[in-house]
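Participant: I have a structure here, written as structure tokens, and I will follow up with some questions on it.
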Amino acid sequence: PEFRRRINEYANEVFSDGETEIVIEADGVITADAMTLPLAEELCRVVEPCGAGNPSPLFVLEGATVTAVRGVGGGKHCRITIEAGGRHFTAMYFNISPSELACDGGDSVDLLFGIGVNRYMGKKELQLIVEDVRPSALASARRESEKKVLNDILSGGKFFASDGYLPTRRDLVNLYGIICELAVDGSATLTDKYALYLLCTKLPERERVGYVKYRLMVEIFAATGIFKVRKSDCEDGVTSFETVEHKTKIDIENSELFTRLKAQCVERVKEDT
């Protein structure tokens, strides 16, 4: 009883308001190009065996994009596929189900994780073991920058073909199909995040549709009247699409806005060295 009384007094002094917060310290920030199998093998050689007195090193990867989330082990754990720096990685998040995970496909996140080597059937591959996931601190700044680019293009500014902003016919067909599939009652509402996720599911694994290209497609649909479009200024960008019955076919590729965008799109000139 005396020990319990004294430990409770100590806890009351240290934890004001009766609230505690778990803090996990990282050993450093890492970039995607540094995350390699040789690094994982070297870490295993240097730091193992790991345990209570010798914890595994933890790293932070900032601004990664979640491309897929799958439940494993009967849904008790998550396998998360991420893209960062043009590379794809698979990470395991144990004892967290997909429904408990605070992110989904298309989200930009910061990950706290350990690096290891997964050995299976004689093969070795880089393995990420996630300790925590949070919305990316870089995502908000990146989106504001993308909005400025979008506004500049819509105001007539030039942009480079290599930036990947100009929609292709396939991009427009994919988005049109997605909206029509969702608009079972004549209308569909999409957040920017969810729309980008759905568009990426239509593409090969290493291809992506970015925010600027998606919003240009929305503008093209609105300008041509393919859909009635209503846009929201909320943080996650909600757009409502209402289907419209057309008696004649609309030629999107020769529409005024799409033609103007193609004229604004220029090739990057290489400087002589």
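The way I read the labels, and the way they are meant: chains A, B, ... in the order of the structure tokens, residue 1 as the first residue of every chain, and ligand 1 as the first ligand shown, with later ones counted on from there.
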What's the 12 Å shell around A:Val173, counting only C-alpha atoms, without same-chain residues fewer than 6 positions away, as number ranges by chain?

Facilitator: A: 167, 179-180, 199, 202-203, 217, 221, 226, 252-253

Participant: If we count only C-alpha atoms, what is near A:Glu131 at a cut-off of 7 Å, once residues fewer than 6 positions away on the same chain are taken out, given as a list in words?

Facilitator: Tyr93, Leu112 and Phe113 of chain A

Participant: Would you save the residues from that selection as a compact mmCIF listing (two decimals), in the first residue's frame, using N, CA and C atoms?

Facilitator:
```txt
# COMPACT_ATOMS: atom_id res chain seq x y z
N TYR A 93 3.22 -3.50 -41.13
CA TYR A 93 2.80 -2.82 -39.90
C TYR A 93 2.03 -3.86 -39.08
N LEU A 112 7.73 6.02 -39.69
CA LEU A 112 8.78 5.66 -38.75
C LEU A 112 8.93 4.15 -38.82
N PHE A 113 10.13 3.65 -39.11
CA PHE A 113 10.26 2.22 -39.37
C PHE A 113 11.70 1.75 -39.13
```

Participant: Once DSSP has gone over the backbone, tell me which residues of stretch 31-161 of chain A are in alpha helix (DSSP H), as a ChimeraX atom specification.

Facilitator: /A:37-47,137-154

Participant: Need the shell around A:Ala161: protein/DNA/RNA residues with any atom at most 9 Å away, counting only C-alpha atoms. Skip same-chain ones fewer than 5 positions apart. Format as a PDB file with all heavy atoms, in the first residue's frame?

Facilitator:
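See around.pdb below for the written result:
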```
ATOM      1  N   LEU A 166      -0.046  17.702 -68.717  1.00  0.00           N
ATOM      2  CA  LEU A 166      -1.044  17.661 -69.787  1.00  0.00           C
ATOM      3  C   LEU A 166      -1.727  16.301 -69.830  1.00  0.00           C
ATOM      4  O   LEU A 166      -1.068  15.272 -69.991  1.00  0.00           O
ATOM      5  CB  LEU A 166      -0.381  17.940 -71.137  1.00  0.00           C
ATOM      6  CG  LEU A 166      -1.345  18.031 -72.323  1.00  0.00           C
ATOM      7  CD1 LEU A 166      -2.223  19.274 -72.204  1.00  0.00           C
ATOM      8  CD2 LEU A 166      -0.563  18.058 -73.637  1.00  0.00           C
ATOM      9  N   CYS A 265       1.764  23.830 -73.567  1.00  0.00           N
ATOM     10  CA  CYS A 265       2.711  22.776 -73.198  1.00  0.00           C
ATOM     11  C   CYS A 265       3.886  22.790 -74.172  1.00  0.00           C
ATOM     12  O   CYS A 265       3.714  22.592 -75.379  1.00  0.00           O
ATOM     13  CB  CYS A 265       2.010  21.418 -73.233  1.00  0.00           C
ATOM     14  SG  CYS A 265       3.051  20.035 -72.734  1.00  0.00           S
ATOM     15  N   VAL A 266       5.083  23.050 -73.652  1.00  0.00           N
ATOM     16  CA  VAL A 266       6.257  23.182 -74.508  1.00  0.00           C
ATOM     17  C   VAL A 266       7.317  22.168 -74.106  1.00  0.00           C
ATOM     18  O   VAL A 266       7.329  21.652 -72.984  1.00  0.00           O
ATOM     19  CB  VAL A 266       6.843  24.613 -74.418  1.00  0.00           C
ATOM     20  CG1 VAL A 266       5.836  25.626 -74.926  1.00  0.00           C
ATOM     21  CG2 VAL A 266       7.270  24.944 -72.988  1.00  0.00           C
ATOM     22  N   GLU A 267       8.211  21.878 -75.023  1.00  0.00           N
ATOM     23  CA  GLU A 267       9.321  20.976 -74.742  1.00  0.00           C
ATOM     24  C   GLU A 267      10.446  21.739 -74.051  1.00  0.00           C
ATOM     25  O   GLU A 267      10.695  22.908 -74.363  1.00  0.00           O
ATOM     26  CB  GLU A 267       9.845  20.349 -76.033  1.00  0.00           C
ATOM     27  CG  GLU A 267       8.850  19.440 -76.737  1.00  0.00           C
ATOM     28  CD  GLU A 267       8.531  18.192 -75.931  1.00  0.00           C
ATOM     29  OE1 GLU A 267       9.378  17.772 -75.096  1.00  0.00           O
ATOM     30  OE2 GLU A 267       7.435  17.629 -76.137  1.00  0.00           O
ATOM     31  N   ARG A 268      11.104  21.085 -73.126  1.00  0.00           N
ATOM     32  CA  ARG A 268      12.239  21.705 -72.441  1.00  0.00           C
ATOM     33  C   ARG A 268      13.451  21.704 -73.369  1.00  0.00           C
ATOM     34  O   ARG A 268      13.827  20.692 -73.918  1.00  0.00           O
ATOM     35  CB  ARG A 268      12.557  20.924 -71.164  1.00  0.00           C
ATOM     36  CG  ARG A 268      13.476  21.666 -70.208  1.00  0.00           C
ATOM     37  CD  ARG A 268      13.793  20.791 -69.015  1.00  0.00           C
ATOM     38  NE  ARG A 268      12.597  20.451 -68.254  1.00  0.00           N
ATOM     39  CZ  ARG A 268      12.123  21.195 -67.263  1.00  0.00           C
ATOM     40  NH1 ARG A 268      12.738  22.314 -66.927  1.00  0.00           N
ATOM     41  NH2 ARG A 268      11.040  20.799 -66.609  1.00  0.00           N
TER      42      ARG A 268
END
```

Participant: For stretch 227-233 of chain A, please output as number ranges by chain all residues within 12 Å (counting only C-alpha atoms; exclusion window: fewer than 5 positions along the same chain).

Facilitator: A: 147, 175-176, 179-180, 183, 186-192, 215, 217-222, 238-246, 250

Participant: I need the chosen residues saved as a PDB file, in the first residue's frame, with C-alpha atoms.

Facilitator:
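So selection-v4.pdb came out as:
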```pdb
ATOM      1  CA  LYS A 147      -2.299  24.825 -56.581  1.00  0.00           C
ATOM      2  CA  LEU A 175     -11.497   9.568 -65.249  1.00  0.00           C
ATOM      3  CA  TYR A 176     -14.702   9.569 -67.308  1.00  0.00           C
ATOM      4  CA  ILE A 179     -17.104   8.990 -62.595  1.00  0.00           C
ATOM      5  CA  CYS A 180     -19.687   7.072 -64.621  1.00  0.00           C
ATOM      6  CA  ALA A 183     -22.631   7.990 -60.615  1.00  0.00           C
ATOM      7  CA  GLY A 186     -26.707  10.424 -61.829  1.00  0.00           C
ATOM      8  CA  SER A 187     -24.103  12.078 -59.626  1.00  0.00           C
ATOM      9  CA  ALA A 188     -20.816  11.298 -57.923  1.00  0.00           C
ATOM     10  CA  THR A 189     -18.746  13.124 -55.324  1.00  0.00           C
ATOM     11  CA  LEU A 190     -14.989  12.649 -55.059  1.00  0.00           C
ATOM     12  CA  THR A 191     -12.263  14.079 -52.881  1.00  0.00           C
ATOM     13  CA  ASP A 192      -9.046  14.900 -54.707  1.00  0.00           C
ATOM     14  CA  ARG A 215      -7.586  19.170 -61.775  1.00  0.00           C
ATOM     15  CA  MET A 217      -9.089  17.083 -66.441  1.00  0.00           C
ATOM     16  CA  VAL A 218     -11.863  18.343 -64.148  1.00  0.00           C
ATOM     17  CA  GLU A 219     -11.609  21.780 -65.781  1.00  0.00           C
ATOM     18  CA  ILE A 220     -11.835  20.197 -69.240  1.00  0.00           C
ATOM     19  CA  PHE A 221     -14.945  18.248 -68.261  1.00  0.00           C
ATOM     20  CA  ALA A 222     -16.520  21.403 -66.825  1.00  0.00           C
ATOM     21  CA  VAL A 238     -14.345  17.840 -52.875  1.00  0.00           C
ATOM     22  CA  THR A 239     -15.777  17.835 -56.407  1.00  0.00           C
ATOM     23  CA  SER A 240     -19.300  16.806 -57.397  1.00  0.00           C
ATOM     24  CA  PHE A 241     -20.033  15.516 -60.893  1.00  0.00           C
ATOM     25  CA  GLU A 242     -23.525  15.316 -62.345  1.00  0.00           C
ATOM     26  CA  THR A 243     -24.079  13.319 -65.524  1.00  0.00           C
ATOM     27  CA  VAL A 244     -25.520  15.126 -68.527  1.00  0.00           C
ATOM     28  CA  GLU A 245     -27.347  13.614 -71.490  1.00  0.00           C
ATOM     29  CA  HIS A 246     -25.819  14.769 -74.788  1.00  0.00           C
ATOM     30  CA  ILE A 250     -18.416  16.102 -77.683  1.00  0.00           C
TER      31      ILE A 250
END
```

Participant: Measure the distance from atom CA of A:Pro57 to atom CA of A:Ile115 in Å and round it to one decimal.

Facilitator: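 One can read the atom CA of A:Pro57 to atom CA of A:Ile115 distance as 7.8 Å.
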
Participant: With only C-alpha atoms counted and 12 Å as the cut-off, give the residues of stretch 185-255 of chain A in contact with stretch 63-70 of chain A, each with its shortest interatomic distance in Å and the pair that gives it, as a tab-separated table.

Facilitator:
```
residue	atom	partner	partner_atom	distance
A:Lys193	CA	A:Val66	CA	10.9
A:Tyr194	CA	A:Thr67	CA	11.4
A:Leu196	CA	A:Thr67	CA	10.2
A:Tyr197	CA	A:Thr67	CA	7.5
A:Leu198	CA	A:Thr67	CA	10.2
A:Leu199	CA	A:Thr67	CA	11.2
A:Cys200	CA	A:Thr67	CA	8.1
A:Thr201	CA	A:Thr67	CA	8.7
A:Leu203	CA	A:Thr67	CA	11.6
A:Pro204	CA	A:Thr67	CA	11.7
A:Glu205	CA	A:Thr67	CA	8.8
A:Arg206	CA	A:Thr67	CA	10.0
A:Glu207	CA	A:Thr67	CA	10.9
A:Arg208	CA	A:Thr67	CA	9.7
A:Val209	CA	A:Thr67	CA	11.8
A:Gly210	CA	A:Thr65	CA	11.3
```
